[in-house]
Structures are given as structure tokens and as C-alpha cells.
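Asker: Let me give you the structure first, and then I'll get to my questions.
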Amino acid sequence: MFIAPNAISVGFISMYLPAIYAGLIVGFIGSIAIAINRREIHILILTDIVGLAMLFIVAAVGTDLAEALILPGLVVELAETLAISEILLSREMHKLEKDKRRTTSLFPTPFLLDMEVMTTAPNFIALVLVVYGMFLTGFTGGAVTGGGILLYAISRKARGLPIAVFDGIGGVSGIAWCLWLIGFVLFFVMPQFWMISLLLAAFGLLLKVASKVGLIGVLMKEDLENEGGN
Amino acid sequence: MVSISLFFYFGIFLAIVGSLATAWGPGVSDSVVRLFNTEIASIGVSLVLLCYNHTLALLTLVATTVIITLILFRAIIRLEEMGADV
């Protein structure tokens, strides 16, 4: 039997071993499938499954620590998927460029999907996510707010509408770092103002993460420029 | 009253079945079908997180799953338009 600290409630201790085994099984299945497959986009989809196995193992801890570890894991997985899919696309474009016999356009028309639900639902969901993220603050709030911004941008993009591009989004990130650092220093220099330093750090992190996730919308700027050219 | 362990084991079952379906399920040579099958496993993980009372983790999982699905769909469709092997 393993030793569990007192912070974990009794119900979670009996759930520990099944969750660990389930995580191992899911991770094993995902890894074997990645080893067998040859096509890159399939491997990218299967990486998602291995990420879910990671969630099982971390969630089995069953305390607040687990929650604190799951959130960055999810956001990093999102960023990783985005980066690798962009790399795959650009590599495929380079391959086509070298092959002179092909006559397909280098920049194909972007994907269009104009349904009624996409004009109403995403706006509302994005609004709820942004407001809820502002309320949460901190790392989670940033992720939720960024998700709302991104959902809005992607749904506008899918309907073929232009999205607003913020060129100074890197500057927001810098301001956020400053807020975070000021909060951190205040916490040590004047501990009696712990509340304001906590809030400074939380809002700095909110701006930081939200602007990072919102940056994904800037990636679609290149699509817009191509549309203008055509 | 339904016990929590029912949801917990059902979540584990869904996650394992979903990952098997993603790896070797019917029609997975089509990448869109494979992408849809990952949703089964992610519903299973959501149930497990629900049993552990990880509210924030559950909300973040739902949000990131939506975004990852959109990103992968965009990648698949653009690769298909370029005539690549997907």
C-alpha cells in the first residue's frame, strides 16, 4: 500500500490506482499508434490522445496541485498543436514550390463555412468566456479570455469576414511582465500590501496569457493578405 | 442516488475505448474520422475530472478541446486543398 498525505480525501485514494492504470493504458495505445502511423497529420491527432493520458496521471493526485498542473499542461498542448500544424502547412507549401509541374495555386482559398449558427452562437460564447476569464484573473483567466478572443476570430474567419488585427499585441505582453514584476517586488518589500501585489500579479498574468493565446488570431493575418491579393 | 464511482469508471471506459477507436477504429484512414474519435476519449477525461472536483481544469479542457479541434480541422482542410497526402 502507498502512503497518502492527509490532504487527500478518502474517496480519492481508492480512485488513485485505477486512474494511474487507465492513464498508462491510454498513453500506451497512443504511443503504439504513433509508432505505426506514417502520415504527419495523423500523428499530430494521436498526440492529442497522449496528452489525455497525461491528464489522467496528473488528475490522479486529487488535490489543488493537480489542478494547478493540468492548466499549464493544457495550454502548452494547445500551443504545441498550433505550432506543429503551422510547420506542417508551410513544409507542404515548400514541397509544392519545388515541384514545377504542378499548377495548383500556392495559397489555396481558405476554408469558408457560412451557417446561421456561426453568426449567433460564437459571439455569445466568446463574450461569456471573456467576461468569465476577467473574473477569474491569473493563469486560468488568461487562458479562458484568450480562448474567447480566439473563438471570436476563428468564427469570423470561417464566415469569410475580416478580423481586426492588433499590431501592438507584443507591447501588451511587455506591460504585463512589468505588472507581474512590480507585484512580486511589492510582495517582498511591503508585505502589508499583499492584496494589491497579488492583484497586480494576477492581472499581469491575465494580460500575458490572453495576449499569447490571442496571438493565434494574428497568424490568420497572412490568409487575409492573400485574399486581398487574389 | 448514483454513486460517483459509476461516473469515474465510465469515464475511464470511455477514454480507453475512445483511444482504441482513434488508433485502430473503423475508417481511421480518413483523418477527419480520426479527429472525431478523439472527442470520445476527451469526454471520458471530462467525466474523470468531474469526479475529482477539478472544476477549473474541466472548463479549460472544454475550451482547449474546441480550439484544438478547430486548428486541426483547418490544417486538414488546407492540406487537402494543397493536394497533400492526408
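Note on naming: chains are A, B, ... as they come in the C-alpha cells, residues start from 1 per chain, ligands start from 1 in the order shown.
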Give me, as number ranges by chain, the contact residues of chain B against chain A at a cut-off of 8 Å, counting only C-alpha atoms.

Answerer: B: 12, 15-16, 19-20, 22-24, 31, 34-35, 38, 41-42, 45, 48-49, 52, 54, 56-57, 60-61, 63-64, 67-68, 71-72, 74-79, 81-82, 84-86

Asker: Create the file for the chosen residues now, containing N, CA and C atoms and written as a CSV table (one decimal), in the first residue's frame.

Answerer:
```
chain,number,residue,atom,x,y,z
B,12,ILE,N,-13.3,6.3,-17.4
B,12,ILE,CA,-12.1,5.5,-17.7
B,12,ILE,C,-12.4,4.6,-18.9
B,15,ALA,N,-12.6,6.7,-22.1
B,15,ALA,CA,-11.3,7.2,-22.5
B,15,ALA,C,-10.5,6.0,-23.2
B,16,ILE,N,-10.6,4.8,-22.6
B,16,ILE,CA,-9.8,3.7,-23.3
B,16,ILE,C,-10.5,3.3,-24.6
B,19,SER,N,-9.6,6.0,-27.1
B,19,SER,CA,-8.3,6.0,-27.7
B,19,SER,C,-8.1,4.8,-28.6
B,20,LEU,N,-8.7,3.6,-28.3
B,20,LEU,CA,-8.6,2.5,-29.2
B,20,LEU,C,-9.3,2.8,-30.5
B,22,THR,N,-9.6,5.8,-31.8
B,22,THR,CA,-8.7,6.7,-32.5
B,22,THR,C,-7.5,6.0,-33.2
B,23,ALA,N,-7.0,5.0,-32.5
B,23,ALA,CA,-5.8,4.3,-33.0
B,23,ALA,C,-6.2,3.3,-34.1
B,24,TRP,N,-7.2,2.4,-33.8
B,24,TRP,CA,-7.4,1.3,-34.8
B,24,TRP,C,-8.9,1.2,-35.2
B,31,SER,N,-8.6,11.2,-42.0
B,31,SER,CA,-8.1,12.0,-40.8
B,31,SER,C,-9.2,12.7,-40.1
B,34,ARG,N,-10.7,10.2,-37.7
B,34,ARG,CA,-9.8,10.1,-36.6
B,34,ARG,C,-9.9,11.2,-35.6
B,35,LEU,N,-10.1,12.4,-36.1
B,35,LEU,CA,-10.2,13.6,-35.3
B,35,LEU,C,-11.5,13.6,-34.5
B,38,THR,N,-11.3,11.3,-31.4
B,38,THR,CA,-10.6,11.8,-30.2
B,38,THR,C,-11.6,12.4,-29.2
B,41,ALA,N,-12.7,10.1,-26.3
B,41,ALA,CA,-11.7,10.0,-25.2
B,41,ALA,C,-11.7,11.3,-24.4
B,42,SER,N,-11.9,12.4,-25.0
B,42,SER,CA,-11.9,13.7,-24.2
B,42,SER,C,-13.1,13.8,-23.4
B,45,VAL,N,-12.3,11.8,-20.3
B,45,VAL,CA,-11.4,12.6,-19.4
B,45,VAL,C,-12.2,13.6,-18.6
B,48,VAL,N,-13.9,12.0,-15.7
B,48,VAL,CA,-12.9,11.8,-14.6
B,48,VAL,C,-12.6,13.0,-13.8
B,49,LEU,N,-12.4,14.1,-14.6
B,49,LEU,CA,-12.1,15.4,-13.9
B,49,LEU,C,-13.3,15.9,-13.1
B,52,TYR,N,-13.2,14.2,-9.8
B,52,TYR,CA,-12.2,14.7,-8.9
B,52,TYR,C,-12.5,16.1,-8.4
B,54,HIS,N,-12.3,18.8,-10.2
B,54,HIS,CA,-11.4,19.7,-10.8
B,54,HIS,C,-12.2,20.7,-11.7
B,56,LEU,N,-11.9,24.0,-12.6
B,56,LEU,CA,-11.2,24.8,-13.5
B,56,LEU,C,-10.5,24.0,-14.6
B,57,ALA,N,-10.0,22.9,-14.2
B,57,ALA,CA,-9.3,22.0,-15.2
B,57,ALA,C,-10.4,21.6,-16.2
B,60,THR,N,-11.1,24.4,-18.6
B,60,THR,CA,-10.0,24.7,-19.5
B,60,THR,C,-10.0,23.6,-20.5
B,61,LEU,N,-10.2,22.3,-20.1
B,61,LEU,CA,-10.2,21.2,-21.0
B,61,LEU,C,-11.2,21.4,-22.1
B,63,ALA,N,-12.6,24.2,-23.2
B,63,ALA,CA,-12.2,25.3,-24.1
B,63,ALA,C,-11.1,24.9,-25.0
B,64,THR,N,-10.0,24.2,-24.5
B,64,THR,CA,-8.9,23.9,-25.4
B,64,THR,C,-9.3,22.8,-26.4
B,67,ILE,N,-10.8,24.5,-29.3
B,67,ILE,CA,-9.8,25.3,-30.1
B,67,ILE,C,-8.9,24.3,-30.9
B,68,ILE,N,-8.5,23.2,-30.2
B,68,ILE,CA,-7.6,22.2,-30.9
B,68,ILE,C,-8.3,21.6,-32.1
B,71,ILE,N,-8.3,24.1,-34.9
B,71,ILE,CA,-7.0,24.2,-35.5
B,71,ILE,C,-6.7,23.0,-36.4
B,72,LEU,N,-7.0,21.8,-35.9
B,72,LEU,CA,-6.7,20.6,-36.7
B,72,LEU,C,-7.5,20.5,-37.9
B,74,ARG,N,-8.6,23.0,-39.6
B,74,ARG,CA,-8.0,24.0,-40.5
B,74,ARG,C,-6.8,23.4,-41.2
B,75,ALA,N,-6.0,22.7,-40.4
B,75,ALA,CA,-4.8,22.1,-41.0
B,75,ALA,C,-5.2,21.0,-42.0
B,76,ILE,N,-6.1,20.1,-41.7
B,76,ILE,CA,-6.5,19.0,-42.5
B,76,ILE,C,-7.1,19.6,-43.9
B,77,ILE,N,-8.0,20.6,-43.7
B,77,ILE,CA,-8.6,21.1,-44.9
B,77,ILE,C,-7.6,21.8,-45.8
B,78,ARG,N,-6.7,22.5,-45.2
B,78,ARG,CA,-5.7,23.2,-46.1
B,78,ARG,C,-4.8,22.2,-46.8
B,79,LEU,N,-4.4,21.2,-46.0
B,79,LEU,CA,-3.5,20.2,-46.6
B,79,LEU,C,-4.2,19.5,-47.8
B,81,GLU,N,-6.6,20.8,-49.6
B,81,GLU,CA,-6.7,21.7,-50.8
B,81,GLU,C,-5.4,21.8,-51.5
B,82,MET,N,-4.2,21.6,-50.8
B,82,MET,CA,-2.9,21.7,-51.5
B,82,MET,C,-2.6,20.4,-52.2
B,84,ALA,N,-2.1,17.5,-50.7
B,84,ALA,CA,-1.1,16.6,-50.0
B,84,ALA,C,-1.8,15.3,-49.6
B,85,ASP,N,-1.0,14.4,-49.1
B,85,ASP,CA,-1.5,13.1,-48.7
B,85,ASP,C,-1.9,13.2,-47.2
B,86,VAL,N,-3.3,13.2,-47.0
B,86,VAL,CA,-3.7,13.3,-45.6
B,86,VAL,C,-4.5,12.0,-45.2
```

Asker: Leu47 in chain B: which residues within 7 Å, counting only C-alpha atoms, same-chain residues fewer than 2 positions away excluded, as a PDB file with all heavy atoms, in the first residue's frame?

Answerer:
```pdb
ATOM      1  N   PHE B   7     -19.601   7.089 -12.414  1.00  0.00           N
ATOM      2  CA  PHE B   7     -19.123   8.074 -13.403  1.00  0.00           C
ATOM      3  C   PHE B   7     -17.629   7.910 -13.656  1.00  0.00           C
ATOM      4  O   PHE B   7     -17.151   8.020 -14.777  1.00  0.00           O
ATOM      5  CB  PHE B   7     -19.407   9.492 -12.903  1.00  0.00           C
ATOM      6  CG  PHE B   7     -20.841   9.873 -13.014  1.00  0.00           C
ATOM      7  CD1 PHE B   7     -21.652   9.863 -11.899  1.00  0.00           C
ATOM      8  CD2 PHE B   7     -21.381  10.227 -14.231  1.00  0.00           C
ATOM      9  CE1 PHE B   7     -22.972  10.209 -11.992  1.00  0.00           C
ATOM     10  CE2 PHE B   7     -22.699  10.582 -14.333  1.00  0.00           C
ATOM     11  CZ  PHE B   7     -23.499  10.572 -13.209  1.00  0.00           C
ATOM     12  N   PHE B   8     -16.898   7.628 -12.544  1.00  0.00           N
ATOM     13  CA  PHE B   8     -15.442   7.514 -12.660  1.00  0.00           C
ATOM     14  C   PHE B   8     -15.052   6.365 -13.586  1.00  0.00           C
ATOM     15  O   PHE B   8     -14.285   6.540 -14.535  1.00  0.00           O
ATOM     16  CB  PHE B   8     -14.868   7.314 -11.259  1.00  0.00           C
ATOM     17  CG  PHE B   8     -13.380   7.205 -11.236  1.00  0.00           C
ATOM     18  CD1 PHE B   8     -12.596   8.287 -11.554  1.00  0.00           C
ATOM     19  CD2 PHE B   8     -12.771   6.010 -10.884  1.00  0.00           C
ATOM     20  CE1 PHE B   8     -11.225   8.194 -11.538  1.00  0.00           C
ATOM     21  CE2 PHE B   8     -11.404   5.911 -10.861  1.00  0.00           C
ATOM     22  CZ  PHE B   8     -10.628   6.997 -11.178  1.00  0.00           C
ATOM     23  N   GLY B  11     -16.030   6.985 -17.127  1.00  0.00           N
ATOM     24  CA  GLY B  11     -15.085   7.896 -17.769  1.00  0.00           C
ATOM     25  C   GLY B  11     -13.834   7.177 -18.235  1.00  0.00           C
ATOM     26  O   GLY B  11     -13.354   7.380 -19.354  1.00  0.00           O
ATOM     27  N   ILE B  43     -14.265  13.214 -23.811  1.00  0.00           N
ATOM     28  CA  ILE B  43     -15.444  13.187 -22.936  1.00  0.00           C
ATOM     29  C   ILE B  43     -15.170  12.312 -21.717  1.00  0.00           C
ATOM     30  O   ILE B  43     -15.547  12.653 -20.583  1.00  0.00           O
ATOM     31  CB  ILE B  43     -16.677  12.643 -23.710  1.00  0.00           C
ATOM     32  CG1 ILE B  43     -17.087  13.598 -24.825  1.00  0.00           C
ATOM     33  CG2 ILE B  43     -17.848  12.419 -22.770  1.00  0.00           C
ATOM     34  CD1 ILE B  43     -17.754  14.833 -24.356  1.00  0.00           C
ATOM     35  N   GLY B  44     -14.472  11.182 -21.912  1.00  0.00           N
ATOM     36  CA  GLY B  44     -14.116  10.323 -20.800  1.00  0.00           C
ATOM     37  C   GLY B  44     -13.257  11.052 -19.779  1.00  0.00           C
ATOM     38  O   GLY B  44     -13.494  10.978 -18.574  1.00  0.00           O
ATOM     39  N   VAL B  45     -12.253  11.811 -20.282  1.00  0.00           N
ATOM     40  CA  VAL B  45     -11.386  12.562 -19.367  1.00  0.00           C
ATOM     41  C   VAL B  45     -12.194  13.627 -18.632  1.00  0.00           C
ATOM     42  O   VAL B  45     -11.975  13.870 -17.445  1.00  0.00           O
ATOM     43  CB  VAL B  45     -10.208  13.185 -20.144  1.00  0.00           C
ATOM     44  CG1 VAL B  45      -9.397  14.066 -19.243  1.00  0.00           C
ATOM     45  CG2 VAL B  45      -9.343  12.092 -20.705  1.00  0.00           C
ATOM     46  N   LEU B  49     -12.364  14.135 -14.585  1.00  0.00           N
ATOM     47  CA  LEU B  49     -12.074  15.413 -13.918  1.00  0.00           C
ATOM     48  C   LEU B  49     -13.270  15.861 -13.089  1.00  0.00           C
ATOM     49  O   LEU B  49     -13.110  16.442 -12.016  1.00  0.00           O
ATOM     50  CB  LEU B  49     -11.715  16.483 -14.950  1.00  0.00           C
ATOM     51  CG  LEU B  49     -10.407  16.308 -15.690  1.00  0.00           C
ATOM     52  CD1 LEU B  49     -10.195  17.467 -16.645  1.00  0.00           C
ATOM     53  CD2 LEU B  49      -9.251  16.239 -14.731  1.00  0.00           C
ATOM     54  N   LEU B  50     -14.479  15.587 -13.570  1.00  0.00           N
ATOM     55  CA  LEU B  50     -15.693  15.934 -12.828  1.00  0.00           C
ATOM     56  C   LEU B  50     -15.739  15.183 -11.505  1.00  0.00           C
ATOM     57  O   LEU B  50     -16.079  15.751 -10.463  1.00  0.00           O
ATOM     58  CB  LEU B  50     -16.902  15.599 -13.693  1.00  0.00           C
ATOM     59  CG  LEU B  50     -18.238  16.170 -13.296  1.00  0.00           C
ATOM     60  CD1 LEU B  50     -18.184  17.669 -13.418  1.00  0.00           C
ATOM     61  CD2 LEU B  50     -19.309  15.622 -14.203  1.00  0.00           C
ATOM     62  N   CYS B  51     -15.359  13.889 -11.519  1.00  0.00           N
ATOM     63  CA  CYS B  51     -15.369  13.096 -10.291  1.00  0.00           C
ATOM     64  C   CYS B  51     -14.350  13.612  -9.286  1.00  0.00           C
ATOM     65  O   CYS B  51     -14.537  13.496  -8.085  1.00  0.00           O
ATOM     66  CB  CYS B  51     -15.060  11.647 -10.595  1.00  0.00           C
ATOM     67  SG  CYS B  51     -16.339  10.871 -11.536  1.00  0.00           S
TER      68      CYS B  51
END
```

Asker: How many Å lie between CA of Leu207 in chain A and CA of Ala176 in chain A, rounded to one decimal?

Answerer: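 CA of Ala176 in chain A lies 5.7 Å from CA of Leu207 in chain A.
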
Asker: Quick one, how far is CA of Thr137 in chain A from CA of Thr47 in chain A?

Answerer: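 According to the coordinates, CA of Thr137 in chain A and CA of Thr47 in chain A are separated by 29.4 Å.
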
Asker: Ranking A:Leu17, A:Val76, A:Tyr152, A:Gly142 by minimum distance to Ala210 in chain A and counting only C-alpha atoms, which one comes first?

Answerer: A:Gly142

Asker: What is the distance, in Å and to one decimal place, between CA of Phe187 in chain A and CA of Leu205 in chain A?

Answerer: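 Taking CA of Phe187 in chain A and CA of Leu205 in chain A, their separation equals 15.6 Å.
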